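**Student:** My structure is stored as start.cif, with mmCIF, C-alpha atoms.
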```
data_final
loop_
_atom_site.group_PDB
_atom_site.id
_atom_site.type_symbol
_atom_site.label_atom_id
_atom_site.label_comp_id
_atom_site.auth_asym_id
_atom_site.auth_seq_id
_atom_site.Cartn_x
_atom_site.Cartn_y
_atom_site.Cartn_z
ATOM 1 C CA LEU R 1 11.560 8.670 5.810
ATOM 2 C CA ALA R 2 11.456 12.045 7.511
ATOM 3 C CA GLU R 3 7.663 12.143 7.385
ATOM 4 C CA LEU R 4 7.288 8.577 8.702
ATOM 5 C CA PRO R 5 9.970 7.906 11.361
ATOM 6 C CA GLU R 6 7.964 4.943 12.704
ATOM 7 C CA LEU R 7 9.002 2.804 9.716
ATOM 8 C CA GLY R 8 10.433 -0.507 10.841
ATOM 9 C CA ARG R 9 8.855 -0.357 14.289
ATOM 10 C CA LEU R 10 5.182 -0.969 13.480
ATOM 11 C CA ASN R 11 3.429 -3.914 11.863
ATOM 12 C CA ARG R 12 1.992 -3.677 8.339
ATOM 13 C CA ARG R 13 -1.533 -2.772 9.446
ATOM 14 C CA GLN R 14 -0.369 -0.049 11.818
ATOM 15 C CA ILE R 15 2.009 1.524 9.298
ATOM 16 C CA ALA R 16 -0.684 1.487 6.572
ATOM 17 C CA ALA R 17 -3.135 3.225 8.910
ATOM 18 C CA LEU R 18 -0.510 5.793 9.898
ATOM 19 C CA ALA R 19 0.168 6.579 6.231
ATOM 20 C CA GLY R 20 -3.554 6.789 5.466
ATOM 21 C CA LEU R 21 -3.574 3.741 3.172
ATOM 22 C CA ALA R 22 -5.567 1.333 5.339
ATOM 23 C CA PRO R 23 -9.137 0.625 4.229
ATOM 24 C CA PHE R 24 -11.771 1.509 6.803
ATOM 25 C CA THR R 25 -15.331 0.244 6.359
ATOM 26 C CA ARG R 26 -18.012 2.811 7.047
ATOM 27 C CA GLN R 27 -21.158 1.101 8.233
ATOM 28 C CA SER R 28 -23.780 1.531 10.877
ATOM 29 C CA GLY R 29 -26.348 -0.987 12.033
ATOM 30 C CA GLN R 30 -28.026 -2.581 9.015
ATOM 31 C CA TRP R 31 -26.442 -0.139 6.549
ATOM 32 C CA ARG R 32 -23.393 -1.528 4.773
ATOM 33 C CA GLY R 33 -21.039 0.962 3.186
ATOM 34 C CA LYS R 34 -17.880 0.772 1.157
ATOM 35 C CA SER R 35 -14.322 0.826 2.444
ATOM 36 C CA PHE R 36 -12.385 4.048 2.080
ATOM 37 C CA ILE R 37 -8.858 5.181 2.837
ATOM 38 C CA GLY R 38 -8.178 8.413 4.632
ATOM 39 C CA GLY R 39 -6.676 10.096 7.611
ATOM 40 C CA GLY R 40 -3.051 9.504 8.312
ATOM 41 C CA ARG R 41 -0.316 11.627 6.839
ATOM 42 C CA LYS R 42 -1.334 13.159 3.533
ATOM 43 C CA SER R 43 2.213 13.941 2.389
ATOM 44 C CA VAL R 44 3.254 10.301 2.885
ATOM 45 C CA ARG R 45 0.127 9.024 1.128
ATOM 46 C CA CYS R 46 0.747 11.317 -1.870
ATOM 47 C CA ALA R 47 4.423 10.338 -2.123
ATOM 48 C CA LEU R 48 3.562 6.639 -1.954
ATOM 49 C CA PHE R 49 0.864 7.020 -4.608
ATOM 50 C CA VAL R 50 3.315 8.629 -7.051
ATOM 51 C CA SER R 51 5.890 5.945 -6.203
ATOM 52 C CA ALA R 52 3.273 3.258 -6.790
ATOM 53 C CA LEU R 53 2.518 4.698 -10.248
ATOM 54 C CA SER R 54 6.182 4.352 -11.140
ATOM 55 C CA ALA R 55 6.485 0.904 -9.535
ATOM 56 C CA LYS R 56 3.431 -0.338 -11.438
ATOM 57 C CA THR R 57 5.016 0.787 -14.690
ATOM 58 C CA HIS R 58 8.630 -0.288 -14.187
ATOM 59 C CA ASN R 59 8.659 -3.140 -11.646
ATOM 60 C CA LYS R 60 7.512 -6.585 -12.763
ATOM 61 C CA THR R 61 6.283 -7.651 -9.309
ATOM 62 C CA PHE R 62 4.080 -4.597 -8.796
ATOM 63 C CA LYS R 63 2.888 -4.626 -12.411
ATOM 64 C CA THR R 64 1.745 -8.242 -12.089
ATOM 65 C CA PHE R 65 0.098 -7.502 -8.730
ATOM 66 C CA PHE R 66 -1.802 -4.540 -10.228
ATOM 67 C CA GLU R 67 -2.897 -6.462 -13.333
ATOM 68 C CA ASN R 68 -4.135 -9.412 -11.254
ATOM 69 C CA LEU R 69 -6.266 -7.091 -9.113
ATOM 70 C CA VAL R 70 -7.776 -5.433 -12.191
ATOM 71 C CA LYS R 71 -8.472 -8.845 -13.772
ATOM 72 C CA ALA R 72 -10.220 -9.843 -10.543
ATOM 73 C CA GLY R 73 -12.631 -6.939 -11.048
ATOM 74 C CA LYS R 74 -11.158 -4.283 -8.780
ATOM 75 C CA PRO R 75 -11.380 -0.683 -9.988
ATOM 76 C CA LYS R 76 -8.026 0.675 -11.163
ATOM 77 C CA MET R 77 -7.809 3.263 -8.378
ATOM 78 C CA VAL R 78 -8.425 0.586 -5.730
ATOM 79 C CA ALA R 79 -5.678 -1.516 -7.325
ATOM 80 C CA MET R 80 -3.309 1.497 -7.303
ATOM 81 C CA ILE R 81 -3.891 2.052 -3.588
ATOM 82 C CA ALA R 82 -3.201 -1.663 -3.007
ATOM 83 C CA VAL R 83 0.101 -1.271 -4.868
ATOM 84 C CA ALA R 84 0.981 1.757 -2.709
ATOM 85 C CA ARG R 85 0.129 -0.219 0.446
ATOM 86 C CA LYS R 86 2.245 -3.174 -0.734
ATOM 87 C CA LEU R 87 5.148 -0.821 -1.482
ATOM 88 C CA LEU R 88 4.878 0.694 2.002
ATOM 89 C CA THR R 89 4.748 -2.775 3.568
ATOM 90 C CA GLN R 90 7.896 -3.827 1.737
ATOM 91 C CA ILE R 91 9.738 -0.636 2.700
ATOM 92 C CA ASN R 92 8.698 -1.189 6.322
ATOM 93 C CA ALA R 93 10.023 -4.770 6.258
ATOM 94 C CA MET R 94 13.290 -3.667 4.619
ATOM 95 C CA ILE R 95 13.950 -1.114 7.347
ATOM 96 C CA ARG R 96 12.839 -3.487 10.118
ATOM 97 C CA ASP R 97 15.132 -6.300 8.886
ATOM 98 C CA ASN R 98 17.933 -3.952 7.783
ATOM 99 C CA ARG R 99 18.144 -5.467 4.308
ATOM 100 C CA PRO R 100 18.391 -3.938 0.830
ATOM 101 C CA TRP R 101 15.762 -4.116 -1.915
ATOM 102 C CA THR R 102 15.677 -7.437 -3.762
ATOM 103 C CA GLU R 103 13.414 -8.283 -6.675
ATOM 104 C CA GLN R 104 10.869 -10.901 -5.630
ATOM 105 C CA LYS R 105 10.478 -14.087 -7.625
ATOM 106 C CA THR R 106 6.968 -14.443 -9.027
#
```
Would you kindly transcribe this structure into structure tokens?

**Tutor:**
Amino acid sequence: LAELPELGRLNRRQIAALAGLAPFTRQSGQWRGKSFIGGGRKSVRCALFVSALSAKTHNKTFKTFFENLVKAGKPKMVAMIAVARKLLTQINAMIRDNRPWTEQKT
């Protein structure tokens, strides 16, 4: 929270970009590149990645989300970053709405 005081005041795309978890496509003219994450606040990105590893292991919602992405053909690291971004989005919404964590029904 100390590293990201904007939580609760930005939308999900803005907060993901600020944390360095938003995918940016690198392309120019006819050349089509891949999407990469980067920029933002490295300390926040690292903390969210470690939190996402734990969430993927111990939380049913995040575990199912991760497994569905891998089944759909996404590389595991891409799926892990998606879990971190989803975790950040949920934390942002919790702070914005001033509500505690509740397990989502899947």

**Student:** Just want the 7 Å neighbourhood of segment 65-69 of chain R, counted on only C-alpha atoms, with same-chain residues fewer than 4 positions away dropped. Output as a ChimeraX atom specification.

**Tutor:** /R:56,61,73-74,79-80,83

**Student:** Find the residue from R:Val44, R:Leu87, R:Ile95, R:Val70 that sits nearest to Ala2 of chain R; use all atoms listed in the file when measuring.

**Tutor:**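 Looking at the shortest contact to Ala2 of chain R, the residue is R:Val44.
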
**Student:** Which residue out of R:Leu88, R:Ala47, R:Met77, R:Leu1 has the minimum interatomic distance to Ala16 of chain R when all atoms listed in the file are used?

**Tutor:** R:Leu88

**Student:** Would you mind reading off the distance between atom CA of Ala82 of chain R and atom CA of Gln27 of chain R, one decimal, in Å?

**Tutor:**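 Computed distance, atom CA of Ala82 of chain R to atom CA of Gln27 of chain R, equals 21.4 Å.
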
**Student:** Nearest residue to Ala19 of chain R out of R:Arg85, R:Lys71, R:Phe62, R:Thr57, using all atoms listed in the file?

**Tutor:**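 Of R:Arg85, R:Lys71, R:Phe62, R:Thr57, the one nearest Ala19 of chain R is R:Arg85, counting all atoms listed in the file.
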
**Student:** What does the distance from atom CA of Ala93 of chain R to atom CA of Leu4 of chain R come to in Å, to one decimal?

**Tutor:**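 We find that atom CA of Ala93 of chain R and atom CA of Leu4 of chain R lie 13.8 Å from each other.
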
**Student:** Interatomic distance between atom CA of Gly38 of chain R and atom CA of Leu21 of chain R?

**Tutor:**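 Atom CA of Leu21 of chain R lies 6.7 Å from atom CA of Gly38 of chain R.
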
**Student:** So what does the PyMOL selection byres ((chain R and resi 20) around 10) actually pick up in this one, as a list in words?

**Tutor:**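 Listing what the PyMOL selection byres ((chain R and resi 20) around 10) selects in the shown file: Gln14, Ile15, Ala16, Ala17, Leu18, Ala19, Leu21, Ala22, Pro23, Phe24, Phe36, Ile37, Gly38, Gly39, Gly40, Arg41, Lys42, Ser43, Val44, Arg45, Cys46 and Arg85 of chain R.
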
**Student:** Just want the 12 Å neighbourhood of Met94 of chain R, counted on all atoms listed in the file, with same-chain residues fewer than 5 positions away dropped. Output as a list in words.

**Tutor:**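 Once the nearby chain positions are removed, what remains is Leu7, Gly8, Arg9, Arg12, Leu87, Leu88, Thr89, Arg99, Pro100, Trp101 and Thr102 of chain R.
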
**Student:** Find the axis-aligned box for segment 25-30 of chain R, covering all its listed atoms and adding 6 Å on each side, and write its centre and edge lengths in Å to one decimal as JSON.

**Tutor:**
```
{"center_x": -21.7, "center_y": 0.1, "center_z": 9.2, "size_x": 24.7, "size_y": 17.4, "size_z": 17.7}
```

**Student:** Name all residues at most 6 Å from Ala84 of chain R (count all atoms listed in the file; drop same-chain ones fewer than 2 positions away) and give them as a ChimeraX atom specification.

**Tutor:** /R:48-49,52,81-82,86-87

**Student:** Just segment 21-35 of chain R from the block, all heavy atoms, as a PDB file, in the first residue's frame, could you?

**Tutor:**
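Saved to decode-v2.pdb:
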```pdb
ATOM      1  N   LEU R  21       2.143  -4.062 -14.784  1.00  0.00           N
ATOM      2  CA  LEU R  21       1.545  -5.352 -15.142  1.00  0.00           C
ATOM      3  C   LEU R  21       0.653  -5.282 -16.379  1.00  0.00           C
ATOM      4  O   LEU R  21       0.036  -6.266 -16.738  1.00  0.00           O
ATOM      5  CB  LEU R  21       0.727  -5.890 -13.963  1.00  0.00           C
ATOM      6  CG  LEU R  21       1.535  -6.323 -12.747  1.00  0.00           C
ATOM      7  CD1 LEU R  21       0.610  -6.649 -11.591  1.00  0.00           C
ATOM      8  CD2 LEU R  21       2.425  -7.500 -13.084  1.00  0.00           C
ATOM      9  N   ALA R  22       0.583  -4.142 -17.013  1.00  0.00           N
ATOM     10  CA  ALA R  22      -0.252  -3.990 -18.205  1.00  0.00           C
ATOM     11  C   ALA R  22       0.530  -4.437 -19.433  1.00  0.00           C
ATOM     12  O   ALA R  22       1.697  -4.093 -19.590  1.00  0.00           O
ATOM     13  CB  ALA R  22      -0.694  -2.547 -18.367  1.00  0.00           C
ATOM     14  N   PRO R  23      -0.099  -5.210 -20.316  1.00  0.00           N
ATOM     15  CA  PRO R  23       0.605  -5.629 -21.530  1.00  0.00           C
ATOM     16  C   PRO R  23       0.640  -4.499 -22.560  1.00  0.00           C
ATOM     17  O   PRO R  23      -0.370  -3.854 -22.832  1.00  0.00           O
ATOM     18  CB  PRO R  23      -0.249  -6.797 -22.040  1.00  0.00           C
ATOM     19  CG  PRO R  23      -1.610  -6.526 -21.504  1.00  0.00           C
ATOM     20  CD  PRO R  23      -1.423  -5.804 -20.199  1.00  0.00           C
ATOM     21  N   PHE R  24       1.827  -4.248 -23.085  1.00  0.00           N
ATOM     22  CA  PHE R  24       1.993  -3.247 -24.126  1.00  0.00           C
ATOM     23  C   PHE R  24       2.507  -3.952 -25.373  1.00  0.00           C
ATOM     24  O   PHE R  24       3.499  -4.669 -25.328  1.00  0.00           O
ATOM     25  CB  PHE R  24       2.977  -2.158 -23.696  1.00  0.00           C
ATOM     26  CG  PHE R  24       2.444  -1.302 -22.581  1.00  0.00           C
ATOM     27  CD1 PHE R  24       2.899  -1.474 -21.287  1.00  0.00           C
ATOM     28  CD2 PHE R  24       1.487  -0.346 -22.823  1.00  0.00           C
ATOM     29  CE1 PHE R  24       2.409  -0.697 -20.252  1.00  0.00           C
ATOM     30  CE2 PHE R  24       0.982   0.438 -21.803  1.00  0.00           C
ATOM     31  CZ  PHE R  24       1.451   0.262 -20.515  1.00  0.00           C
ATOM     32  N   THR R  25       1.832  -3.741 -26.499  1.00  0.00           N
ATOM     33  CA  THR R  25       2.232  -4.358 -27.757  1.00  0.00           C
ATOM     34  C   THR R  25       3.305  -3.510 -28.406  1.00  0.00           C
ATOM     35  O   THR R  25       3.149  -2.304 -28.566  1.00  0.00           O
ATOM     36  CB  THR R  25       1.024  -4.493 -28.702  1.00  0.00           C
ATOM     37  OG1 THR R  25       0.015  -5.226 -28.016  1.00  0.00           O
ATOM     38  CG2 THR R  25       1.396  -5.225 -29.957  1.00  0.00           C
ATOM     39  N   ARG R  26       4.390  -4.152 -28.781  1.00  0.00           N
ATOM     40  CA  ARG R  26       5.472  -3.454 -29.470  1.00  0.00           C
ATOM     41  C   ARG R  26       5.389  -3.800 -30.946  1.00  0.00           C
ATOM     42  O   ARG R  26       5.637  -4.931 -31.349  1.00  0.00           O
ATOM     43  CB  ARG R  26       6.819  -3.891 -28.892  1.00  0.00           C
ATOM     44  CG  ARG R  26       6.931  -3.491 -27.447  1.00  0.00           C
ATOM     45  CD  ARG R  26       8.338  -3.615 -26.941  1.00  0.00           C
ATOM     46  NE  ARG R  26       8.340  -3.241 -25.534  1.00  0.00           N
ATOM     47  CZ  ARG R  26       8.931  -3.940 -24.591  1.00  0.00           C
ATOM     48  NH1 ARG R  26       9.593  -5.024 -24.888  1.00  0.00           N
ATOM     49  NH2 ARG R  26       8.871  -3.535 -23.342  1.00  0.00           N
ATOM     50  N   GLN R  27       5.002  -2.826 -31.735  1.00  0.00           N
ATOM     51  CA  GLN R  27       4.895  -3.028 -33.174  1.00  0.00           C
ATOM     52  C   GLN R  27       5.158  -1.717 -33.887  1.00  0.00           C
ATOM     53  O   GLN R  27       5.021  -0.648 -33.324  1.00  0.00           O
ATOM     54  CB  GLN R  27       3.538  -3.605 -33.544  1.00  0.00           C
ATOM     55  CG  GLN R  27       2.360  -2.797 -33.083  1.00  0.00           C
ATOM     56  CD  GLN R  27       1.062  -3.551 -33.314  1.00  0.00           C
ATOM     57  OE1 GLN R  27       1.034  -4.689 -33.712  1.00  0.00           O
ATOM     58  NE2 GLN R  27      -0.036  -2.872 -33.052  1.00  0.00           N
ATOM     59  N   SER R  28       5.542  -1.847 -35.137  1.00  0.00           N
ATOM     60  CA  SER R  28       5.854  -0.673 -35.928  1.00  0.00           C
ATOM     61  C   SER R  28       5.545  -0.973 -37.388  1.00  0.00           C
ATOM     62  O   SER R  28       6.093  -1.913 -37.957  1.00  0.00           O
ATOM     63  CB  SER R  28       7.331  -0.306 -35.768  1.00  0.00           C
ATOM     64  OG  SER R  28       7.658   0.759 -36.618  1.00  0.00           O
ATOM     65  N   GLY R  29       4.668  -0.190 -37.965  1.00  0.00           N
ATOM     66  CA  GLY R  29       4.328  -0.383 -39.372  1.00  0.00           C
ATOM     67  C   GLY R  29       3.776  -1.766 -39.639  1.00  0.00           C
ATOM     68  O   GLY R  29       2.815  -2.198 -39.029  1.00  0.00           O
ATOM     69  N   GLN R  30       4.412  -2.492 -40.562  1.00  0.00           N
ATOM     70  CA  GLN R  30       3.966  -3.845 -40.907  1.00  0.00           C
ATOM     71  C   GLN R  30       4.418  -4.892 -39.883  1.00  0.00           C
ATOM     72  O   GLN R  30       3.865  -5.978 -39.824  1.00  0.00           O
ATOM     73  CB  GLN R  30       4.513  -4.235 -42.287  1.00  0.00           C
ATOM     74  CG  GLN R  30       3.999  -3.375 -43.420  1.00  0.00           C
ATOM     75  CD  GLN R  30       2.521  -3.598 -43.675  1.00  0.00           C
ATOM     76  OE1 GLN R  30       2.018  -4.708 -43.552  1.00  0.00           O
ATOM     77  NE2 GLN R  30       1.808  -2.542 -44.013  1.00  0.00           N
ATOM     78  N   TRP R  31       5.455  -4.577 -39.106  1.00  0.00           N
ATOM     79  CA  TRP R  31       5.994  -5.535 -38.154  1.00  0.00           C
ATOM     80  C   TRP R  31       5.073  -5.677 -36.952  1.00  0.00           C
ATOM     81  O   TRP R  31       4.662  -4.713 -36.335  1.00  0.00           O
ATOM     82  CB  TRP R  31       7.384  -5.082 -37.700  1.00  0.00           C
ATOM     83  CG  TRP R  31       8.003  -6.019 -36.730  1.00  0.00           C
ATOM     84  CD1 TRP R  31       8.562  -7.236 -36.995  1.00  0.00           C
ATOM     85  CD2 TRP R  31       8.118  -5.847 -35.320  1.00  0.00           C
ATOM     86  NE1 TRP R  31       9.028  -7.829 -35.854  1.00  0.00           N
ATOM     87  CE2 TRP R  31       8.765  -6.974 -34.796  1.00  0.00           C
ATOM     88  CE3 TRP R  31       7.744  -4.847 -34.450  1.00  0.00           C
ATOM     89  CZ2 TRP R  31       9.032  -7.137 -33.458  1.00  0.00           C
ATOM     90  CZ3 TRP R  31       8.024  -5.007 -33.102  1.00  0.00           C
ATOM     91  CH2 TRP R  31       8.656  -6.138 -32.626  1.00  0.00           C
ATOM     92  N   ARG R  32       4.731  -6.911 -36.639  1.00  0.00           N
ATOM     93  CA  ARG R  32       3.864  -7.202 -35.496  1.00  0.00           C
ATOM     94  C   ARG R  32       4.679  -7.926 -34.439  1.00  0.00           C
ATOM     95  O   ARG R  32       5.222  -8.990 -34.685  1.00  0.00           O
ATOM     96  CB  ARG R  32       2.674  -8.079 -35.907  1.00  0.00           C
ATOM     97  CG  ARG R  32       1.790  -7.436 -36.953  1.00  0.00           C
ATOM     98  CD  ARG R  32       0.925  -6.370 -36.319  1.00  0.00           C
ATOM     99  NE  ARG R  32       0.073  -5.781 -37.326  1.00  0.00           N
ATOM    100  CZ  ARG R  32      -0.093  -4.496 -37.481  1.00  0.00           C
ATOM    101  NH1 ARG R  32       0.532  -3.651 -36.729  1.00  0.00           N
ATOM    102  NH2 ARG R  32      -0.889  -4.019 -38.395  1.00  0.00           N
ATOM    103  N   GLY R  33       4.756  -7.343 -33.266  1.00  0.00           N
ATOM    104  CA  GLY R  33       5.513  -7.942 -32.180  1.00  0.00           C
ATOM    105  C   GLY R  33       4.605  -8.534 -31.128  1.00  0.00           C
ATOM    106  O   GLY R  33       3.388  -8.565 -31.261  1.00  0.00           O
ATOM    107  N   LYS R  34       5.220  -9.015 -30.071  1.00  0.00           N
ATOM    108  CA  LYS R  34       4.478  -9.587 -28.961  1.00  0.00           C
ATOM    109  C   LYS R  34       4.188  -8.501 -27.931  1.00  0.00           C
ATOM    110  O   LYS R  34       4.783  -7.434 -27.941  1.00  0.00           O
ATOM    111  CB  LYS R  34       5.292 -10.690 -28.303  1.00  0.00           C
ATOM    112  CG  LYS R  34       5.474 -11.906 -29.166  1.00  0.00           C
ATOM    113  CD  LYS R  34       6.189 -12.980 -28.394  1.00  0.00           C
ATOM    114  CE  LYS R  34       6.302 -14.232 -29.238  1.00  0.00           C
ATOM    115  NZ  LYS R  34       6.972 -15.305 -28.493  1.00  0.00           N
ATOM    116  N   SER R  35       3.290  -8.822 -27.006  1.00  0.00           N
ATOM    117  CA  SER R  35       3.000  -7.916 -25.905  1.00  0.00           C
ATOM    118  C   SER R  35       3.929  -8.242 -24.744  1.00  0.00           C
ATOM    119  O   SER R  35       4.208  -9.402 -24.465  1.00  0.00           O
ATOM    120  CB  SER R  35       1.550  -8.073 -25.454  1.00  0.00           C
ATOM    121  OG  SER R  35       0.686  -7.638 -26.465  1.00  0.00           O
TER     122      SER R  35
END
```
